[in-house]
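Q: You'll find query_23.txt just under this line, and it carries compact mmCIF, C-alpha atoms.
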```
# COMPACT_ATOMS: atom_id res chain seq x y z
CA MET A 1 0.00 0.00 0.00
CA THR A 2 1.33 3.43 -0.82
CA PHE A 3 2.12 5.95 1.85
CA VAL A 4 -0.84 8.19 1.00
CA ASN A 5 -3.32 5.29 0.84
CA LYS A 6 -2.16 3.95 4.18
CA ASN A 7 -2.64 7.31 5.87
CA LEU A 8 -6.02 7.83 4.19
CA LEU A 9 -7.15 4.46 5.50
CA LEU A 10 -6.03 5.38 9.02
CA LEU A 11 -7.89 8.70 8.84
CA LEU A 12 -11.03 6.95 7.61
CA LEU A 13 -10.78 4.58 10.56
CA VAL A 14 -10.65 7.54 12.94
CA VAL A 15 -13.77 9.01 11.33
CA ALA A 16 -15.54 5.65 11.62
CA ILE A 17 -14.61 5.30 15.29
CA SER A 18 -15.92 8.82 15.99
CA VAL A 19 -19.18 8.37 14.10
CA PHE A 20 -19.96 4.90 15.46
CA PRO A 21 -21.16 6.15 18.88
CA LEU A 22 -23.49 8.63 17.17
CA LEU A 23 -25.14 5.74 15.36
CA ILE A 24 -25.58 3.33 18.26
CA VAL A 25 -26.34 5.69 21.16
CA HIS A 26 -29.57 7.56 20.58
CA ASN A 27 -31.02 10.61 22.29
CA SER A 28 -27.83 11.51 24.03
CA GLU A 29 -26.36 14.97 23.71
CA PHE A 30 -22.86 13.62 24.12
CA GLY A 31 -22.23 16.31 26.68
CA GLY A 32 -18.70 17.01 27.74
CA ALA A 33 -20.26 16.42 31.10
CA ASP A 34 -18.09 18.67 33.19
CA GLY A 35 -21.36 19.18 35.01
CA ALA A 36 -21.87 15.45 35.44
CA ALA A 37 -18.47 15.32 37.08
CA GLU A 38 -19.83 17.62 39.75
CA GLU A 39 -22.73 15.23 40.24
CA THR A 40 -20.40 12.28 40.74
CA ILE A 41 -18.34 14.15 43.28
CA LEU A 42 -21.39 15.54 45.05
CA SER A 43 -22.94 12.08 45.21
CA ILE A 44 -19.85 10.91 47.08
CA ARG A 45 -19.52 14.01 49.23
CA PRO A 46 -22.76 16.06 49.16
CA GLU A 47 -21.40 18.88 51.32
CA TYR A 48 -18.42 19.65 49.09
CA GLN A 49 -18.17 23.27 47.97
CA PRO A 50 -15.83 24.26 45.13
CA TRP A 51 -13.44 26.71 46.76
CA PHE A 52 -12.38 28.55 43.66
CA GLU A 53 -14.18 29.93 40.62
CA PRO A 54 -12.65 30.45 37.16
CA PHE A 55 -11.34 34.01 36.68
CA TRP A 56 -13.15 34.20 33.38
CA GLU A 57 -15.66 31.97 31.67
CA PRO A 58 -16.90 32.15 28.09
CA PRO A 59 -20.32 33.83 28.33
CA GLY A 60 -21.99 31.05 26.36
CA GLY A 61 -21.71 28.02 24.13
CA GLU A 62 -21.01 30.10 21.03
CA THR A 63 -17.99 31.87 22.47
CA GLU A 64 -16.74 28.64 23.93
CA SER A 65 -16.96 26.87 20.58
CA LEU A 66 -15.18 29.85 19.00
CA LEU A 67 -12.26 29.42 21.38
CA PHE A 68 -12.14 25.65 20.94
CA ALA A 69 -12.21 26.10 17.16
CA LEU A 70 -9.43 28.67 17.49
CA GLN A 71 -7.34 26.22 19.50
CA ALA A 72 -7.78 23.53 16.86
CA ALA A 73 -7.17 25.99 14.02
CA LEU A 74 -3.91 27.23 15.52
CA GLY A 75 -2.64 23.67 15.93
CA ALA A 76 -3.87 22.44 12.56
CA GLY A 77 -2.57 25.59 10.89
CA PHE A 78 0.93 24.95 12.13
CA LEU A 79 0.77 21.25 11.20
CA GLY A 80 -0.36 22.17 7.68
CA TYR A 81 2.41 24.75 7.38
CA TYR A 82 5.03 22.22 8.45
CA ILE A 83 3.75 19.48 6.11
CA GLY A 84 3.69 21.86 3.13
CA TYR A 85 7.13 23.20 4.00
CA ARG A 86 8.70 19.75 4.17
CA LYS A 87 6.98 18.51 1.01
CA GLY A 88 8.11 21.59 -0.90
CA GLN A 89 11.63 21.21 0.42
CA ARG A 90 11.75 17.63 -0.78
CA LYS A 91 10.44 18.54 -4.18
CA VAL A 92 13.15 21.16 -4.60
CA LYS A 93 15.77 18.60 -3.61
CA ASP A 94 14.43 16.07 -6.10
CA MET A 95 14.54 18.56 -8.96
CA MET B 1 -32.01 13.45 32.76
CA LEU B 2 -28.90 12.20 31.08
CA GLU B 3 -29.18 8.99 33.04
CA GLU B 4 -32.70 8.34 31.84
CA ASN B 5 -31.63 8.89 28.28
CA ARG B 6 -28.86 6.45 28.61
CA THR B 7 -30.98 3.80 30.21
CA HIS B 8 -33.92 3.85 27.85
CA ASN B 9 -32.81 4.85 24.43
CA LEU B 10 -30.07 2.51 23.39
CA LYS B 11 -30.36 0.24 20.41
CA ILE B 12 -27.45 -2.08 20.25
CA PRO B 13 -26.73 -5.13 18.14
CA GLY B 14 -26.44 -8.38 20.07
CA ALA B 15 -22.70 -8.60 19.69
CA LEU B 16 -22.34 -5.46 21.74
CA ALA B 17 -24.38 -6.74 24.65
CA THR B 18 -21.49 -6.73 27.08
CA LEU B 19 -20.54 -3.22 26.14
CA ALA B 20 -24.17 -2.27 26.51
CA MET B 21 -24.22 -3.54 30.07
CA ILE B 22 -21.43 -1.19 30.98
CA MET B 23 -23.04 1.69 29.13
CA LEU B 24 -26.31 1.13 30.90
CA MET B 25 -24.73 1.73 34.27
CA PRO B 26 -26.75 4.61 35.67
CA THR B 27 -23.70 6.65 36.58
CA PRO B 28 -23.12 10.20 35.40
CA VAL B 29 -20.30 10.03 32.94
CA TYR B 30 -17.53 12.54 32.61
CA ALA B 31 -14.17 12.30 31.06
CA MET B 32 -12.29 15.54 31.06
CA HIS B 33 -9.90 17.50 33.16
CA ILE B 34 -10.70 18.15 36.80
CA MET B 35 -12.75 21.35 37.07
CA GLU B 36 -11.72 24.56 38.80
CA GLY B 37 -12.08 24.39 42.58
CA PHE B 38 -13.02 20.73 42.58
CA LEU B 39 -9.92 19.43 44.28
CA PRO B 40 -9.52 20.14 48.00
CA VAL B 41 -6.70 22.60 48.71
CA LYS B 42 -4.27 20.03 50.08
CA TRP B 43 -4.61 17.85 46.97
CA ALA B 44 -4.34 20.84 44.65
CA LEU B 45 -1.07 21.76 46.38
CA PHE B 46 0.16 18.18 46.46
CA TRP B 47 -0.23 17.64 42.70
CA SER B 48 1.27 21.04 41.88
CA VAL B 49 4.37 20.22 43.91
CA ALA B 50 4.49 16.74 42.36
CA SER B 51 4.37 18.15 38.82
CA LEU B 52 6.95 20.89 39.33
CA PRO B 53 10.15 18.78 39.02
CA PHE B 54 8.92 17.37 35.70
CA ILE B 55 8.21 20.85 34.33
CA ILE B 56 11.64 22.10 35.42
CA THR B 57 13.37 19.06 33.91
CA GLY B 58 11.34 19.62 30.75
CA VAL B 59 12.35 23.27 30.41
CA ILE B 60 16.02 22.34 30.88
CA THR B 61 15.72 19.49 28.35
CA ILE B 62 14.09 21.74 25.75
CA SER B 63 16.69 24.49 26.04
CA ARG B 64 19.51 21.93 25.84
CA LYS B 65 18.05 20.16 22.81
CA LEU B 66 17.40 23.39 20.94
CA LYS B 67 20.86 24.76 21.73
CA LYS B 68 22.45 21.60 20.37
CA ASN B 69 20.10 21.21 17.39
CA PRO B 70 18.32 24.48 16.54
CA GLU B 71 16.81 22.76 13.49
CA LEU B 72 14.52 20.81 15.84
CA LYS B 73 12.48 23.95 16.59
CA MET B 74 9.94 23.21 13.86
CA LEU B 75 9.48 19.61 14.95
CA LEU B 76 8.99 20.75 18.53
CA GLY B 77 6.28 23.03 17.16
CA VAL B 78 4.69 20.02 15.48
CA ALA B 79 4.60 18.13 18.79
CA GLY B 80 2.95 21.09 20.51
CA ALA B 81 0.55 21.77 17.64
CA PHE B 82 -0.54 18.14 17.59
CA ALA B 83 -1.38 18.25 21.31
CA PHE B 84 -3.17 21.57 20.74
CA VAL B 85 -5.40 20.17 18.00
CA LEU B 86 -6.18 16.86 19.67
CA SER B 87 -7.08 18.30 23.05
CA ALA B 88 -9.49 20.70 21.33
CA LEU B 89 -11.45 17.88 19.72
CA LYS B 90 -14.27 16.63 21.90
CA ILE B 91 -15.17 13.33 20.30
CA PRO B 92 -18.35 11.36 21.04
CA SER B 93 -17.86 8.02 22.73
CA VAL B 94 -19.90 4.86 23.21
CA THR B 95 -20.94 5.91 26.72
CA GLY B 96 -23.05 8.73 25.31
CA SER B 97 -20.71 11.44 26.47
CA SER B 98 -17.74 13.12 24.89
CA SER B 99 -14.13 13.38 25.83
CA HIS B 100 -11.01 14.56 24.11
CA PRO B 101 -7.68 12.91 23.37
CA THR B 102 -4.51 14.44 24.77
CA GLY B 103 -2.08 14.39 21.85
CA VAL B 104 0.97 14.17 24.11
CA GLY B 105 1.96 10.63 23.06
CA LEU B 106 3.50 11.57 19.71
CA GLY B 107 5.68 14.30 21.18
CA SER B 108 6.82 11.97 23.97
CA VAL B 109 7.94 9.42 21.40
CA LEU B 110 9.87 12.14 19.53
CA PHE B 111 11.31 14.26 22.34
CA GLY B 112 10.97 12.17 25.48
CA PRO B 113 8.44 12.58 28.30
CA PHE B 114 9.69 15.75 30.04
CA VAL B 115 9.49 17.96 26.98
CA MET B 116 5.81 17.07 26.73
CA SER B 117 5.34 17.93 30.42
CA VAL B 118 6.04 21.52 29.45
CA LEU B 119 3.98 21.53 26.23
CA GLY B 120 1.08 19.69 27.90
CA CYS B 121 1.08 22.19 30.75
CA ILE B 122 0.87 25.07 28.25
CA VAL B 123 -2.14 23.46 26.56
CA LEU B 124 -3.82 23.00 29.95
CA LEU B 125 -3.07 26.61 30.91
CA PHE B 126 -4.65 27.85 27.67
CA GLN B 127 -7.78 25.80 28.31
CA ALA B 128 -7.98 26.82 31.96
CA LEU B 129 -7.61 30.56 31.34
CA LEU B 130 -9.55 31.02 28.11
CA LEU B 131 -12.06 28.20 28.13
CA ALA B 132 -12.75 27.64 31.85
CA HIS B 133 -11.95 24.03 31.00
CA GLY B 134 -9.92 22.47 33.78
CA GLY B 135 -8.68 25.17 36.14
CA ILE B 136 -5.84 27.07 37.75
CA THR B 137 -6.26 25.38 41.12
CA THR B 138 -6.43 21.98 39.41
CA LEU B 139 -3.63 22.76 36.93
CA GLY B 140 -1.13 20.79 38.99
CA ALA B 141 -3.31 17.68 39.10
CA ASN B 142 -4.25 17.91 35.42
CA THR B 143 -0.61 18.51 34.49
CA PHE B 144 0.36 15.44 36.47
CA SER B 145 -2.14 13.23 34.63
CA MET B 146 -1.89 14.60 31.09
CA ALA B 147 1.64 15.98 31.02
CA VAL B 148 3.55 13.69 33.40
CA VAL B 149 1.94 10.24 33.59
CA GLY B 150 0.60 10.22 30.00
CA PRO B 151 3.96 11.12 28.40
CA LEU B 152 5.90 8.76 30.70
CA ALA B 153 3.55 5.89 29.79
CA ALA B 154 3.78 6.69 26.07
CA TYR B 155 7.56 6.96 26.16
CA GLY B 156 7.97 3.76 28.20
CA VAL B 157 5.63 1.77 25.96
CA PHE B 158 7.36 3.02 22.81
CA ARG B 159 10.81 2.08 24.06
CA ALA B 160 9.59 -1.31 25.29
CA ALA B 161 7.82 -2.02 22.01
CA ARG B 162 10.90 -1.07 20.00
CA SER B 163 13.15 -3.23 22.18
CA ILE B 164 11.11 -6.31 21.30
CA LYS B 165 11.27 -5.34 17.60
CA ILE B 166 7.68 -4.26 17.14
CA SER B 167 7.40 -2.12 13.97
CA ASN B 168 7.66 1.68 14.22
CA GLY B 169 4.04 2.29 13.34
CA ALA B 170 2.66 -0.25 15.79
CA ALA B 171 4.99 1.04 18.51
CA VAL B 172 3.78 4.63 17.98
CA PHE B 173 0.17 3.44 18.04
CA LEU B 174 0.64 1.54 21.30
CA ALA B 175 2.51 4.45 22.87
CA ALA B 176 -0.13 7.05 22.03
CA PHE B 177 -2.95 4.69 22.99
CA CYS B 178 -1.46 3.95 26.41
CA GLY B 179 -0.49 7.58 27.03
CA ASP B 180 -4.06 8.68 26.35
CA LEU B 181 -5.64 5.97 28.50
CA MET B 182 -3.20 6.38 31.39
CA THR B 183 -3.92 10.11 31.51
CA TYR B 184 -7.56 9.45 32.32
CA VAL B 185 -6.79 6.51 34.61
CA THR B 186 -4.66 8.97 36.57
CA THR B 187 -7.43 11.56 36.63
CA SER B 188 -9.87 9.05 38.08
CA LEU B 189 -7.35 7.91 40.69
CA GLN B 190 -6.72 11.54 41.67
CA LEU B 191 -10.45 12.07 42.14
CA ALA B 192 -10.78 8.80 44.05
CA LEU B 193 -8.00 9.87 46.43
CA ALA B 194 -9.63 13.24 47.02
CA PHE B 195 -13.15 11.84 47.27
CA PRO B 196 -13.09 8.41 48.90
CA ALA B 197 -16.51 6.76 49.12
CA GLU B 198 -18.18 6.49 52.54
CA VAL B 199 -18.34 2.75 52.09
CA GLY B 200 -15.25 1.19 50.60
CA GLY B 201 -13.07 4.31 50.65
CA VAL B 202 -10.60 5.18 47.91
CA ALA B 203 -10.87 1.76 46.27
CA ALA B 204 -14.65 1.98 45.85
CA SER B 205 -14.39 5.48 44.39
CA ALA B 206 -11.60 4.38 42.10
CA VAL B 207 -13.70 1.51 40.75
CA LYS B 208 -16.55 3.93 40.14
CA PHE B 209 -14.41 6.51 38.32
CA LEU B 210 -12.33 3.94 36.43
CA GLY B 211 -15.34 1.96 35.26
CA ILE B 212 -16.61 5.08 33.54
CA PHE B 213 -13.28 6.29 32.23
CA ALA B 214 -12.05 3.06 30.72
CA VAL B 215 -15.06 2.75 28.43
CA THR B 216 -15.41 6.42 27.46
CA GLN B 217 -11.75 6.92 26.70
CA LEU B 218 -11.10 3.59 24.97
CA PRO B 219 -12.29 4.48 21.44
CA LEU B 220 -10.68 7.92 21.76
CA ALA B 221 -7.38 6.37 22.72
CA VAL B 222 -7.58 4.22 19.59
CA SER B 223 -8.25 7.35 17.51
CA GLU B 224 -5.32 9.16 19.11
CA GLY B 225 -3.10 6.16 18.37
CA LEU B 226 -4.12 6.14 14.71
CA LEU B 227 -3.70 9.91 14.27
CA SER B 228 -0.27 9.75 15.88
CA VAL B 229 0.71 7.07 13.36
CA VAL B 230 -0.49 9.26 10.48
CA VAL B 231 1.77 12.13 11.54
CA PHE B 232 4.62 9.77 12.35
CA ASN B 233 4.33 8.21 8.89
CA PHE B 234 4.66 11.64 7.37
CA LEU B 235 7.69 12.41 9.51
CA THR B 236 9.49 9.20 8.54
CA ALA B 237 8.80 9.97 4.88
CA HIS B 238 9.66 13.67 4.86
CA SER B 239 11.63 14.54 7.98
CA SER B 240 14.11 11.69 8.27
CA GLN B 241 16.90 14.16 8.94
CA GLU B 242 15.23 15.56 12.04
CA LEU B 243 14.30 12.09 13.23
CA SER B 244 17.87 10.90 12.90
CA VAL B 245 19.02 13.74 15.15
CA LEU B 246 16.53 12.64 17.80
CA ASP B 247 17.89 9.12 18.21
CA LEU B 248 14.56 7.37 18.61
CA GLY B 249 15.85 3.83 18.43
CA ILE B 250 13.80 3.37 15.27
CA THR B 251 14.82 1.51 12.19
CA ASN B 252 15.30 3.64 9.13
CA ARG B 253 13.50 2.32 6.14
```
Would you mind writing the file's structure down as structure tokens?

A:
Amino acid sequence: MTFVNKNLLLLLLVVAISVFPLLIVHNSEFGGADGAAEETILSIRPEYQPWFEPFWEPPGGETESLLFALQAALGAGFLGYYIGYRKGQRKVKDM
Amino acid sequence: MLEENRTHNLKIPGALATLAMIMLMPTPVYAMHIMEGFLPVKWALFWSVASLPFIITGVITISRKLKKNPELKMLLGVAGAFAFVLSALKIPSVTGSSSHPTGVGLGSVLFGPFVMSVLGCIVLLFQALLLAHGGITTLGANTFSMAVVGPLAAYGVFRAARSIKISNGAAVFLAAFCGDLMTYVTTSLQLALAFPAEVGGVAASAVKFLGIFAVTQLPLAVSEGLLSVVVFNFLTAHSSQELSVLDLGITNR
């Protein structure tokens, strides 16, 4: 199998693994469940009070998704830059 | 509400019956970093102190490596960028909740565990300050799980796999998979230590947290393993020079 095909196959597998839960688990919101973590802790120790609040919280889901998308974009942007840079470098060498 | 959903609305083929049993456990599922303020002060301090030597060692290692081989700067960026992307992706899992991979395994394979302690801590800091995901008071504990134990596990597994002549790709997969899983195993142990159950103590809490974590994180750890292999494949094809500088104990094809 060629290098590109092999990587494509691996990426497809990742997509399949991520989609699979959406197909078999119905009517779940797939929450990140930071809130459910509180429930677990509070079920073990009901009197526990968080002793510190975040300095700043995104005002809502939209802003939060903006920041998460930004985080992914920054990382993916650099990865793309590096991959293009190396491929170009190799091409120049081969010429 | 979530619990009801999980109990009543699953349609699963027979072959997945065992998995279904675990998923039907009426326990609130979570699988992320420990939230702000949710570790008692003494534990918050304990994990911060425990993480510090690894961060310091990491900073020293990075500055030494870059001084000796300045050309590694870009590859170090790749390791950080990979962790940045992966920890931003909240992926659905079979438990009906989402979690995210860590992305620290690949960098640990390339640069060793301590370098990723620093990069992992930076990712956690970003998420704590800008996203209110994780927290400042829990930064030490989250650093210890994602940026100390995860990278150490990944690095150890990679070296062990290579020493018994497992192929590069498979070794990277196993390393990233174990690094990812061990991160969340550590998180659940940290929570169990801080919140022992009334009956059964730390062990009972640990079973509760681990039972949830193992299942939620498992498919994500597989995904992280595969994605790490994709990037590693590219590096072996296009960045052999940088890899040879790193002395990974890998065979050059």

Q: Go through A:Asn7, A:Leu22, A:Leu79, A:Ala16 one by one, measure the shortest atom-to-atom distance of each to Pro92 of chain B using all atoms listed in the file, and give the residue with the smallest value.

A: A:Leu22

Q: Which residues of chain B sit at most 6 Å from chain A, using all atoms listed in the file? Give each one's shortest atom pair and distance in Å (one decimal place), in chain and ascending residue order, as CSV.

A:
```
residue,atom,partner,partner_atom,distance
B:Asn9,CA,A:His26,CA,5.7
B:Leu10,CA,A:Val25,CA,5.4
B:Pro28,CA,A:Ala36,CA,5.4
B:Tyr30,CA,A:Ala33,CA,5.0
B:Gly37,CA,A:Phe52,CA,4.3
B:Phe38,CA,A:Pro50,CA,5.2
B:Val78,CA,A:Leu79,CA,5.9
B:Ala81,CA,A:Gly75,CA,4.1
B:Phe84,CA,A:Gly75,CA,5.3
B:Val85,CA,A:Ala72,CA,4.3
B:Ala88,CA,A:Ala72,CA,5.6
B:Pro92,CA,A:Phe30,CA,5.9
B:Ser93,CA,A:Pro21,CA,5.4
B:Val94,CA,A:Pro21,CA,4.7
B:Gly96,CA,A:Phe30,CA,5.0
B:Ser97,CA,A:Phe30,CA,3.9
B:Ser98,CA,A:Gly32,CA,4.9
B:Ala132,CA,A:Glu57,CA,5.2
B:Ala197,CA,A:Ile44,CA,5.7
B:Ser223,CA,A:Val14,CA,5.2
B:Val230,CA,A:Asn7,CA,5.4
```

Q: When you count all atoms listed in the file, which of these residues is closest to Ser145 of chain B: B:Ser51, B:Ser228, B:Gln217, B:Ser108?

A: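 The answer is B:Ser51, which sits nearest to Ser145 of chain B.
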
Q: For His133 of chain B, which of B:Leu226, B:Leu248, B:Cys121, B:Ile34 is the closest residue, counting only C-alpha atoms?

A: B:Ile34

Q: At what distance in Å, to one decimal, does atom CA of Phe54 of chain B lie from atom CA of Phe114 of chain B?

A: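 These atoms are spaced 5.9 Å apart.
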
Q: Rounded to one decimal, what separation in Å do you get between atom CA of Phe213 of chain B and atom CA of Val185 of chain B?

A: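 If I compute the distance from atom CA of Phe213 of chain B to atom CA of Val185 of chain B, I get 6.9 Å.
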